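Below is the file data.txt, which contains compact mmCIF, C-alpha atoms.
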```
# COMPACT_ATOMS: atom_id res chain seq x y z
CA MET W 307 5.02 101.03 21.13
CA GLY W 308 5.97 100.14 24.60
CA ASP W 309 2.68 98.50 25.25
CA ALA W 310 2.34 97.03 21.78
CA GLU W 311 2.43 93.32 21.40
CA ILE W 312 5.54 92.05 19.65
CA ILE W 313 4.69 89.40 17.08
CA PRO W 314 7.60 87.17 15.97
CA ILE W 315 8.39 87.07 12.28
CA GLY W 316 6.81 84.15 10.42
CA THR W 317 3.89 83.62 12.82
CA ARG W 318 1.42 85.40 10.57
CA GLY W 319 0.13 87.35 13.50
CA ARG W 320 -1.10 84.31 15.42
CA PRO W 321 0.14 84.06 18.97
CA GLY W 322 1.53 80.85 20.29
CA ARG W 323 3.75 80.10 17.27
CA GLY W 324 7.41 80.61 17.94
CA GLN W 325 6.70 81.57 21.56
CA HIS W 326 6.87 79.57 24.76
CA THR W 327 3.18 80.00 25.45
CA GLY W 328 0.20 78.06 24.25
CA LYS W 329 0.26 74.73 22.46
CA PRO W 330 3.38 73.54 20.65
CA SER W 331 3.35 73.90 16.92
CA SER W 332 2.76 70.99 14.56
CA ALA W 333 6.42 71.16 13.50
CA SER W 334 7.61 70.72 17.07
CA ARG W 335 5.16 67.89 17.66
CA SER W 336 6.41 66.07 14.60
CA LEU W 337 10.00 66.45 15.78
CA ALA W 338 9.11 65.03 19.19
CA SER W 339 7.28 62.06 17.70
CA GLY W 340 10.32 60.82 15.72
CA PRO W 341 11.73 61.05 12.22
CA ARG W 342 9.26 61.99 9.56
CA LYS W 343 8.48 59.56 6.78
CA ALA W 344 9.90 60.30 3.39
CA THR W 345 7.47 61.98 1.07
CA PRO W 346 7.66 62.16 -2.68
CA ARG W 347 9.54 65.18 -3.92
CA ARG W 348 7.68 67.81 -5.87
CA VAL W 349 9.42 69.34 -8.82
CA PRO W 350 8.35 72.94 -9.50
CA GLN W 351 6.94 73.51 -12.96
CA PRO W 352 7.23 76.82 -14.84
CA GLU W 353 4.40 79.20 -14.29
CA ARG W 354 1.79 79.28 -16.99
CA GLU W 355 0.72 82.43 -18.79
CA PRO W 356 -2.74 83.57 -17.67
CA GLU W 357 -5.20 82.81 -20.38
CA PRO W 358 -7.16 85.82 -21.71
CA ALA W 359 -10.70 86.19 -20.52
CA PRO W 360 -13.18 84.92 -23.05
CA GLU W 361 -15.11 87.49 -24.94
CA ILE W 362 -18.76 87.86 -24.15
CA GLU W 363 -20.80 87.42 -27.21
CA ALA W 364 -24.11 89.07 -27.80
CA GLY W 365 -26.95 87.31 -26.19
CA GLU W 366 -24.87 85.83 -23.42
CA PRO W 367 -25.93 86.86 -19.96
CA VAL W 368 -23.77 89.39 -18.28
CA GLY W 369 -21.81 88.06 -15.29
CA ALA W 370 -21.21 84.58 -16.70
CA VAL W 371 -17.93 83.16 -15.54
CA ALA W 372 -15.85 80.76 -17.62
CA GLU W 373 -15.19 77.38 -16.17
CA GLU W 374 -11.75 76.89 -14.70
CA PRO W 375 -9.70 73.88 -15.82
CA ALA W 376 -9.80 70.98 -13.43
CA VAL W 377 -6.76 70.50 -11.24
CA GLY W 378 -5.23 67.04 -11.52
CA PRO W 379 -4.07 64.91 -8.59
CA ASP W 380 -0.46 65.78 -9.34
CA GLN W 381 -1.07 69.51 -9.36
CA VAL W 382 -1.46 71.81 -6.37
CA SER W 383 -2.85 75.31 -6.69
CA GLU W 384 -2.51 77.82 -3.89
CA GLY W 385 -3.84 80.93 -5.56
CA ALA W 386 -3.08 83.10 -8.51
CA GLY W 387 0.49 82.96 -9.64
CA ALA W 388 1.31 79.98 -7.43
CA ALA W 389 3.73 77.37 -8.80
CA THR W 390 2.35 74.04 -9.94
CA TYR W 391 4.01 70.87 -8.50
CA VAL W 392 4.22 67.38 -9.97
CA GLU W 393 5.11 64.31 -7.88
CA GLU W 394 8.28 62.50 -8.90
CA ARG W 395 7.95 58.81 -8.01
CA LEU W 396 11.18 57.20 -6.82
CA PRO W 397 12.03 53.61 -7.85
CA GLN W 398 11.22 51.01 -5.19
CA GLY W 399 14.10 49.21 -3.47
CA GLY W 400 15.09 45.52 -4.19
CA ILE W 401 17.90 42.92 -4.03
CA PRO W 402 19.80 42.36 -7.27
CA ALA W 403 19.77 38.85 -8.74
CA GLY W 404 23.55 38.62 -8.38
CA GLU W 405 23.31 39.05 -4.61
CA TRP W 406 20.62 36.37 -4.40
CA LEU W 407 22.87 33.94 -6.32
CA ALA W 408 25.88 34.73 -4.15
CA ALA W 409 23.86 34.17 -0.97
CA PHE W 410 22.55 30.84 -2.30
CA GLN W 411 26.05 29.65 -3.18
CA GLN W 412 27.39 30.63 0.23
CA SER W 413 24.59 28.84 2.10
CA ALA W 414 25.00 25.71 -0.05
CA ARG W 415 28.75 25.73 0.60
CA GLU W 416 28.19 25.93 4.35
CA LEU W 417 25.61 23.14 4.34
CA PHE W 418 27.14 20.69 1.85
CA GLY W 419 30.81 21.68 1.73
CA ASP W 420 33.00 23.05 -1.02
CA GLN W 421 32.20 20.15 -3.36
CA TRP W 422 28.48 20.81 -3.51
CA GLU W 423 28.53 21.95 -7.14
CA PRO W 424 30.13 18.75 -8.57
CA GLN W 425 27.80 16.66 -6.41
CA LEU W 426 24.78 18.57 -7.67
CA ALA W 427 25.99 18.12 -11.25
CA ARG W 428 26.36 14.36 -10.74
CA PHE W 429 22.89 14.17 -9.19
CA LEU W 430 21.32 16.04 -12.11
CA ALA W 431 23.14 13.78 -14.56
CA PHE W 432 21.82 10.76 -12.66
CA LEU W 433 18.26 12.09 -12.89
CA ARG W 434 18.67 12.74 -16.60
CA ARG W 435 19.81 9.16 -17.21
CA ARG W 436 16.92 7.74 -15.22
CA VAL W 437 14.35 9.88 -17.03
CA THR W 438 15.71 9.20 -20.52
CA GLY W 439 16.33 5.48 -19.85
CA ASP W 440 20.06 5.74 -20.47
CA TYR W 441 21.09 3.03 -17.98
CA VAL W 442 21.89 -0.68 -18.09
CA VAL W 443 19.86 -3.53 -16.57
CA ASP W 444 21.02 -7.12 -17.00
CA GLU W 445 18.88 -10.10 -17.96
CA TYR W 446 17.90 -10.73 -14.32
CA GLY W 447 16.72 -7.15 -13.70
CA PHE W 448 19.82 -6.07 -11.77
CA ASP W 449 20.39 -2.30 -11.89
CA GLN W 450 23.98 -1.67 -10.82
CA GLU W 451 23.70 2.11 -10.76
CA ILE W 452 20.60 2.28 -8.55
CA THR W 453 22.01 -0.44 -6.28
CA GLU W 454 25.32 1.31 -5.73
CA LYS W 455 24.05 4.89 -5.49
CA PHE W 456 20.79 4.29 -3.62
CA PHE W 457 20.54 0.90 -1.89
CA MET W 458 24.13 0.68 -0.70
CA THR W 459 24.18 4.32 0.35
CA ALA W 460 21.02 3.84 2.42
CA LEU W 461 22.18 0.57 4.04
CA ARG W 462 25.74 1.64 4.83
CA PRO W 463 24.96 3.84 7.88
CA ILE W 464 22.85 1.04 9.38
CA ALA W 465 25.68 -1.46 8.98
CA GLN W 466 28.41 0.84 10.26
CA LYS W 467 26.65 2.92 12.93
CA TRP W 468 23.70 0.85 14.15
CA PHE W 469 24.94 -2.76 14.02
CA ARG W 470 28.67 -1.87 13.99
CA ILE W 471 29.44 -4.89 11.82
CA GLU W 472 32.86 -6.45 12.16
CA VAL W 473 33.96 -8.50 9.13
CA ARG W 474 36.51 -11.30 9.29
CA GLY W 475 37.98 -13.55 6.63
CA ILE W 476 37.00 -11.30 3.76
CA GLU W 477 40.14 -12.43 1.91
CA ASN W 478 38.43 -15.81 1.35
CA ILE W 479 36.14 -14.20 -1.23
CA PRO W 480 37.75 -14.39 -4.68
CA ALA W 481 38.42 -11.08 -6.39
CA GLU W 482 36.81 -12.33 -9.60
CA GLY W 483 35.02 -15.36 -10.96
CA GLY W 484 31.98 -17.24 -9.77
CA ALA W 485 31.58 -18.28 -6.13
CA LEU W 486 28.72 -19.37 -3.86
CA VAL W 487 28.36 -17.76 -0.40
CA VAL W 488 26.32 -19.94 1.98
CA SER W 489 25.16 -18.35 5.25
CA ASN W 490 22.99 -19.02 8.28
CA HIS W 491 19.65 -17.20 8.35
CA SER W 492 18.17 -15.41 11.36
CA GLY W 493 16.56 -12.23 12.64
CA THR W 494 12.77 -12.68 12.11
CA VAL W 495 13.12 -10.25 9.17
CA PRO W 496 15.82 -11.01 6.54
CA VAL W 497 17.97 -8.02 7.43
CA ASP W 498 21.06 -10.26 7.55
CA GLY W 499 20.95 -10.68 3.78
CA LEU W 500 21.00 -6.91 3.24
CA MET W 501 23.85 -6.40 5.70
CA THR W 502 25.85 -9.17 4.02
CA MET W 503 25.40 -7.48 0.63
CA VAL W 504 26.65 -4.07 1.78
CA SER W 505 29.54 -5.58 3.79
CA ILE W 506 30.83 -7.60 0.83
CA HIS W 507 30.53 -4.63 -1.52
CA ASP W 508 32.35 -2.25 0.84
CA HIS W 509 35.26 -4.64 1.43
CA THR W 510 35.66 -6.22 -2.01
CA GLY W 511 33.80 -3.98 -4.46
CA ARG W 512 31.78 -6.97 -5.70
CA PHE W 513 28.00 -7.26 -5.77
CA LEU W 514 26.40 -10.22 -4.01
CA ARG W 515 23.52 -11.71 -6.01
CA PRO W 516 21.07 -13.24 -3.48
CA LEU W 517 18.69 -16.09 -4.24
CA GLY W 518 15.25 -15.13 -2.89
CA ALA W 519 12.17 -17.16 -1.99
CA ASP W 520 8.92 -17.08 -3.96
CA LEU W 521 7.26 -14.81 -1.38
CA VAL W 522 9.74 -12.02 -2.11
CA PHE W 523 8.59 -11.81 -5.74
CA LYS W 524 4.88 -11.87 -4.87
CA MET W 525 5.02 -8.54 -3.03
CA PRO W 526 4.32 -5.59 -5.35
CA VAL W 527 6.95 -3.08 -4.21
CA VAL W 528 9.42 -5.47 -2.60
CA SER W 529 9.72 -7.59 -5.75
CA THR W 530 10.72 -4.60 -7.90
CA MET W 531 13.28 -3.39 -5.39
CA ALA W 532 14.67 -6.92 -4.97
CA ARG W 533 15.09 -7.35 -8.73
CA LYS W 534 16.88 -4.04 -9.11
CA GLY W 535 19.10 -4.88 -6.13
CA GLY W 536 20.29 -8.11 -7.72
CA THR W 537 18.00 -10.71 -6.11
CA THR W 538 16.96 -13.65 -8.29
CA LEU W 539 14.46 -16.42 -7.76
CA ALA W 540 15.99 -19.33 -5.88
CA CYS W 541 16.05 -21.97 -8.62
CA SER W 542 18.89 -24.11 -9.89
CA GLU W 543 18.69 -22.77 -13.45
CA ASP W 544 19.22 -19.12 -12.54
CA ALA W 545 21.83 -19.97 -9.92
CA GLU W 546 23.90 -22.00 -12.37
CA ARG W 547 23.67 -19.35 -15.09
CA MET W 548 24.93 -16.64 -12.76
CA LEU W 549 27.74 -18.82 -11.38
CA ARG W 550 28.90 -19.65 -14.90
CA GLY W 551 28.78 -15.96 -15.70
CA GLY W 552 31.28 -15.23 -12.92
CA GLU W 553 28.80 -13.75 -10.42
CA LEU W 554 29.07 -13.91 -6.63
CA VAL W 555 25.86 -15.68 -5.55
CA GLY W 556 24.45 -15.78 -2.02
CA VAL W 557 22.13 -18.42 -0.59
CA TRP W 558 20.52 -18.99 2.83
CA PRO W 559 19.52 -22.69 2.87
CA GLU W 560 17.54 -22.51 6.13
CA GLY W 561 14.92 -20.33 4.48
CA PHE W 562 11.95 -19.21 6.56
CA LYS W 563 12.69 -21.93 9.10
CA GLY W 564 15.85 -20.04 10.01
CA ILE W 565 14.56 -16.49 10.33
CA GLY W 566 11.27 -17.62 11.93
CA LYS W 567 12.67 -19.83 14.69
CA PRO W 568 11.99 -18.77 18.31
CA TYR W 569 14.55 -16.91 20.35
CA SER W 570 15.11 -19.96 22.57
CA GLU W 571 16.61 -21.77 19.54
CA ARG W 572 18.89 -18.96 18.45
CA TYR W 573 22.11 -19.88 16.64
CA LYS W 574 20.96 -23.47 16.19
CA LEU W 575 20.99 -24.19 12.46
CA GLN W 576 17.89 -25.71 10.91
CA ARG W 577 17.87 -28.24 8.12
CA PHE W 578 19.67 -27.13 4.94
CA GLY W 579 17.09 -28.52 2.55
CA ARG W 580 17.97 -31.04 -0.14
CA GLY W 581 21.33 -29.53 -1.01
CA GLY W 582 20.32 -27.87 -4.26
CA PHE W 583 22.97 -25.16 -3.80
CA VAL W 584 25.68 -27.82 -3.59
CA SER W 585 24.51 -29.39 -6.84
CA ALA W 586 24.71 -25.98 -8.57
CA ALA W 587 28.25 -25.44 -7.25
CA LEU W 588 29.32 -28.91 -8.39
CA ARG W 589 27.94 -28.41 -11.89
CA THR W 590 29.64 -25.02 -12.32
CA GLN W 591 32.88 -26.01 -10.48
CA VAL W 592 32.87 -22.89 -8.26
CA PRO W 593 34.03 -22.71 -4.60
CA ILE W 594 31.57 -22.67 -1.68
CA ILE W 595 32.31 -20.03 0.95
CA PRO W 596 30.63 -20.63 4.34
CA LEU W 597 29.51 -17.50 6.19
CA SER W 598 28.64 -17.31 9.89
CA VAL W 599 26.63 -14.29 11.16
CA VAL W 600 26.34 -13.50 14.87
CA GLY W 601 24.15 -10.64 16.12
CA ALA W 602 21.12 -10.92 13.84
CA GLU W 603 19.24 -13.20 16.25
CA GLU W 604 18.84 -10.35 18.75
CA ILE W 605 17.43 -7.57 16.54
CA TYR W 606 13.85 -8.93 16.78
CA PRO W 607 13.69 -11.58 19.53
CA LEU W 608 10.79 -13.80 18.46
CA VAL W 609 8.89 -14.93 21.56
CA ALA W 610 5.61 -16.10 19.97
CA ASN W 611 3.88 -16.75 16.67
CA LEU W 612 0.33 -16.66 15.27
CA PRO W 613 0.21 -19.62 12.86
CA SER W 614 -3.56 -19.52 12.23
CA LEU W 615 -3.53 -15.87 11.22
CA ALA W 616 -0.36 -16.44 9.19
CA ARG W 617 -2.10 -19.17 7.13
CA VAL W 618 -5.04 -16.88 6.45
CA LEU W 619 -2.73 -14.12 5.22
CA GLY W 620 -0.52 -16.49 3.26
CA LEU W 621 2.58 -15.72 5.32
CA PRO W 622 5.08 -18.20 6.76
CA TYR W 623 4.63 -16.74 10.25
CA ILE W 624 3.52 -13.60 12.11
CA PRO W 625 6.16 -12.70 14.69
CA ILE W 626 5.50 -11.37 18.17
CA THR W 627 8.47 -9.77 19.86
CA PRO W 628 8.85 -7.94 23.19
CA LEU W 629 8.24 -4.65 21.32
CA PHE W 630 5.99 -5.60 18.39
CA PRO W 631 3.04 -5.14 18.05
CA TRP W 632 2.76 -3.55 21.48
CA LEU W 633 4.62 -0.34 20.53
CA GLY W 634 3.19 -0.07 17.04
CA PRO W 635 5.59 1.23 14.38
CA LEU W 636 8.21 1.88 17.05
CA GLY W 637 8.38 -1.85 17.64
CA LEU W 638 9.68 -2.32 14.07
CA VAL W 639 12.97 -0.60 14.92
CA PRO W 640 15.62 -3.34 15.27
CA LEU W 641 17.65 -3.51 18.45
CA PRO W 642 21.26 -2.28 17.99
CA SER W 643 23.05 -5.57 18.54
CA LYS W 644 26.73 -6.04 17.75
CA TRP W 645 27.30 -8.09 14.56
CA LEU W 646 30.16 -10.36 13.61
CA LEU W 647 30.55 -11.76 10.08
CA GLU W 648 33.18 -14.39 9.43
CA PHE W 649 33.84 -15.89 6.00
CA GLY W 650 35.35 -19.36 6.22
CA GLU W 651 37.86 -20.98 3.94
CA PRO W 652 36.45 -21.91 0.52
CA ILE W 653 35.30 -25.48 0.01
CA ARG W 654 36.56 -26.46 -3.42
CA THR W 655 34.29 -28.31 -5.84
CA ASP W 656 36.61 -28.44 -8.85
CA GLU W 657 38.08 -31.65 -7.46
CA PHE W 658 34.90 -33.44 -8.48
CA ASP W 659 33.47 -34.02 -11.92
CA ALA W 660 30.41 -32.16 -13.08
CA VAL W 661 28.48 -35.44 -13.15
CA SER W 662 29.11 -35.74 -9.40
CA ALA W 663 26.19 -33.39 -8.88
CA GLU W 664 23.90 -36.34 -9.67
CA ASP W 665 25.34 -38.39 -6.80
CA PRO W 666 22.96 -37.84 -3.84
CA MET W 667 25.43 -39.19 -1.29
CA LEU W 668 28.19 -36.80 -2.40
CA VAL W 669 25.75 -33.87 -2.38
CA PHE W 670 24.64 -34.81 1.14
CA ASN W 671 28.24 -35.05 2.41
CA VAL W 672 29.22 -31.65 1.01
CA THR W 673 26.03 -30.09 2.36
CA ASP W 674 26.72 -31.51 5.81
CA GLU W 675 30.31 -30.26 5.67
CA VAL W 676 29.13 -26.72 4.91
CA ARG W 677 26.53 -26.84 7.67
CA GLU W 678 28.96 -28.12 10.30
CA THR W 679 31.52 -25.47 9.35
CA ILE W 680 29.00 -22.68 9.85
CA GLN W 681 27.67 -24.13 13.11
CA SER W 682 31.10 -24.55 14.69
CA THR W 683 32.07 -21.02 13.68
CA LEU W 684 28.89 -19.66 15.27
CA TYR W 685 29.76 -21.28 18.59
CA SER W 686 33.28 -19.87 18.38
CA LEU W 687 32.05 -16.34 17.69
CA LEU W 688 29.55 -16.52 20.55
CA MET W 689 32.39 -17.43 22.90
CA GLN W 690 34.39 -14.42 21.70
CA ARG W 691 31.53 -11.93 21.92
CA GLN W 692 31.55 -9.99 25.18
CA SER W 693 27.86 -9.04 25.16
CA VAL W 694 24.92 -8.69 22.79
CA PHE W 695 25.26 -4.94 22.32
CA ARG W 696 29.01 -4.41 22.26
```

Take the structure from the file and write it as structure tokens.
Amino acid sequence: MGDAEIIPIGTRGRPGRGQHTGKPSSASRSLASGPRKATPRRVPQPEREPEPAPEIEAGEPVGAVAEEPAVGPDQVSEGAGAATYVEERLPQGGIPAGEWLAAFQQSARELFGDQWEPQLARFLAFLRRRVTGDYVVDEYGFDQEITEKFFMTALRPIAQKWFRIEVRGIENIPAEGGALVVSNHSGTVPVDGLMTMVSIHDHTGRFLRPLGADLVFKMPVVSTMARKGGTTLACSEDAERMLRGGELVGVWPEGFKGIGKPYSERYKLQRFGRGGFVSAALRTQVPIIPLSVVGAEEIYPLVANLPSLARVLGLPYIPITPLFPWLGPLGLVPLPSKWLLEFGEPIRTDEFDAVSAEDPMLVFNVTDEVRETIQSTLYSLLMQRQSVFR
């Protein structure tokens, strides 16, 4: 026995298993390579009784062997009397729906604040009203809900952050009743009208109803948006109806001559037309409020024009600025000039009779008074302004 080879228990007589010689075993290699992957558990099944051998009938060749039953994929046979195993499949992992909902609520609270649920509810209610048609539009096409919740919300950051509009004399606008706001026009693109609308609404809560030119209502998309925002065709009939109805009406008598004038003539008022706005104010006995806007002339400095191409396209002018069309779409971004809006003292018209609107001399005198008031205020504001951009 002294020279006999000692075989460790469990090695089945093969050297190299459980000893420090030869190759490492598969178990040790799997331990060195990392944690083993989980395998499905096998549940032992009770051993089956051996079936009796079939009897050999006469005529059957001796030595025939009965066929053994096929072994399924979930059964493992390792010899006679070995236990049969069946795989037990474990349920796959997942995140419960409650945890998904809690994570969504937490992320929405971090992004939109604690009031995100009421805001979402209001937004869904707004969509429901728009889809079902449960909203009010007046006889001119004005949609107060879409104007306040969409147009004003979109214009407000531009007015407050980009142009930094400073409003003066807002107390001259009556809290109720009809009134006519008359303003100078400038800027190459009528942005001053939009900024006037949002400024009046934010300071008084009233909606300004602008009178627009024919070109505004010939554009497919612009005309629809203008109607919903409260713009009405610039005609005496509509203006007088709105003034009698207690609306706050806005008019820019210079028209395209004002917004399309070159930069060298900035803040010089053009002709105010035939005074149709004064006649409407005299007939309806509403006050005229002059408005002077400084800062709009510098957003798109107009240095040239293409009149021939403008006539072909049916436009009043085609502007050329230091940035447009040279920079493409980037040239359409307005320069961030500092704006000043000053509302002057109301010019009363109730001192005259309604038939005074037919007196051309009186209409001319009131029109000239409004124009001179706006022009003198513009010069005063330019003297007070430190620079174009602050």

Legend entry - Polymer residues at most 9 Å from Phe578 in chain W, all atoms listed in the file, same-chain spacing of 6 or more positions, as a PyMOL selection string: chain W and resi 558-561+673-674+677

Inset, instruction - To one decimal in Å, tell me the separation between CA of Thr530 in chain W and CA of Ile624 in chain W. - result: 23.1 Å

Legend entry - Test item: residues at most 8 Å from Pro607 in chain W, all atoms listed in the file, excluding those fewer than 2 positions along its chain, as a PyMOL selection string: chain W and resi 493-494+568-569+603-605+609+627-628

Legend entry - Which residue of W:Arg572, W:Arg617, W:Gly518, W:Ala663 approaches Leu588 in chain W most closely, using only C-alpha atoms: W:Ala663

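Considering the residues W:Glu546, W:Glu664, W:Asp520, W:Glu651 and counting only C-alpha atoms, Gly620 in chain W has its shortest atom-to-atom contact with W:Asp520.
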
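Of the residues listed (W:Arg428, W:Lys644, W:His491, W:Arg470), W:Arg428 shows the shortest atom-to-atom separation from Lys455 in chain W; distances use all atoms listed in the file.
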
Legend entry - Contact residues around Ala485 in chain W with all atoms listed in the file at 8 Å, ignoring same-chain residues under 4 positions, as a PyMOL selection string: chain W and resi 479-480+549+552-555+587+592-595

Legend entry - Polymer residues at most 10 Å from Arg436 in chain W, all atoms listed in the file, same-chain spacing of 6 or more positions, as a ChimeraX atom specification: /W:430,451-452

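Residue nearest Tyr446 in chain W within the list W:Leu433, W:Leu417, W:Met501, W:Ala532: W:Ala532 [criterion: smallest interatomic distance, only C-alpha atoms].
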
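Interatomic distance, CA of Leu647 in chain W to CA of Glu454 in chain W: 21.2 Å.
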
Inset, instruction - Give the answer as one residue: which of W:Ile565, W:Cys541, W:Leu514, W:Leu521 has the shortest atom-to-atom distance to Val497 in chain W, using only C-alpha atoms? - result: W:Ile565

Inset, instruction - List every protein, DNA or RNA residue that has an atom no more than 8 Å from (30.8, -31.8, -9.3) in the file's coordinate frame, counting all atoms listed in the file, and report them as a list in words. - result: Ser585, Ala587, Leu588, Arg589, Thr590, Gln591, Thr655, Asp656, Glu657, Phe658, Asp659, Ala660, Val661, Ser662 and Ala663 of chain W

Determine, using all atoms listed in the file, which residues of range 443-544 of chain W have any atom at most 12 Å from an atom of range 639-642 of chain W, and tabulate each with its shortest atom pair and distance in Å to one decimal place, rows ordered by chain and then rising number, as JSON lines.
```
{"residue": "W:Ile464", "atom": "CA", "partner": "W:Pro642", "partner_atom": "CA", "distance": 9.4}
{"residue": "W:Ala465", "atom": "CA", "partner": "W:Pro642", "partner_atom": "CA", "distance": 10.1}
{"residue": "W:Gln466", "atom": "CA", "partner": "W:Pro642", "partner_atom": "CA", "distance": 11.0}
{"residue": "W:Lys467", "atom": "CA", "partner": "W:Pro642", "partner_atom": "CA", "distance": 9.0}
{"residue": "W:Trp468", "atom": "CA", "partner": "W:Pro642", "partner_atom": "CA", "distance": 5.5}
{"residue": "W:Phe469", "atom": "CA", "partner": "W:Pro642", "partner_atom": "CA", "distance": 5.4}
{"residue": "W:Arg470", "atom": "CA", "partner": "W:Pro642", "partner_atom": "CA", "distance": 8.4}
{"residue": "W:Ile471", "atom": "CA", "partner": "W:Pro642", "partner_atom": "CA", "distance": 10.6}
{"residue": "W:Gly493", "atom": "CA", "partner": "W:Pro640", "partner_atom": "CA", "distance": 9.3}
{"residue": "W:Thr494", "atom": "CA", "partner": "W:Pro640", "partner_atom": "CA", "distance": 10.3}
{"residue": "W:Val495", "atom": "CA", "partner": "W:Pro640", "partner_atom": "CA", "distance": 9.6}
{"residue": "W:Pro496", "atom": "CA", "partner": "W:Pro640", "partner_atom": "CA", "distance": 11.6}
{"residue": "W:Val497", "atom": "CA", "partner": "W:Pro640", "partner_atom": "CA", "distance": 9.4}
{"residue": "W:Asp498", "atom": "CA", "partner": "W:Pro640", "partner_atom": "CA", "distance": 11.7}
```

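Of the listed residues W:Leu619, W:Val676, W:Ala427, W:Ala519, the one whose atoms come nearest to Leu575 in chain W is W:Val676, with distances taken using only C-alpha atoms.
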
Legend entry - One-decimal distance in Å that lies between CA of Trp645 in chain W and CA of Tyr606 in chain W: 13.7 Å

Inset, instruction - Find the residues near Arg691 in chain W: any atom within 12 Å, counting all atoms listed in the file, skip ones fewer than 5 places away on the same chain, and give them as a PyMOL selection string. - result: chain W and resi 472+600-601+643-647+684-686+696

Take the residues just selected and output them with C-alpha atoms as an mmCIF file, in the coordinates of the input.
```cif
data_model
loop_
_atom_site.group_PDB
_atom_site.id
_atom_site.type_symbol
_atom_site.label_atom_id
_atom_site.label_comp_id
_atom_site.auth_asym_id
_atom_site.auth_seq_id
_atom_site.Cartn_x
_atom_site.Cartn_y
_atom_site.Cartn_z
ATOM 1 C CA GLU W 472 32.860 -6.450 12.160
ATOM 2 C CA VAL W 600 26.340 -13.500 14.870
ATOM 3 C CA GLY W 601 24.150 -10.640 16.120
ATOM 4 C CA SER W 643 23.050 -5.570 18.540
ATOM 5 C CA LYS W 644 26.730 -6.040 17.750
ATOM 6 C CA TRP W 645 27.300 -8.090 14.560
ATOM 7 C CA LEU W 646 30.160 -10.360 13.610
ATOM 8 C CA LEU W 647 30.550 -11.760 10.080
ATOM 9 C CA LEU W 684 28.890 -19.660 15.270
ATOM 10 C CA TYR W 685 29.760 -21.280 18.590
ATOM 11 C CA SER W 686 33.280 -19.870 18.380
ATOM 12 C CA ARG W 696 29.010 -4.410 22.260
#
```
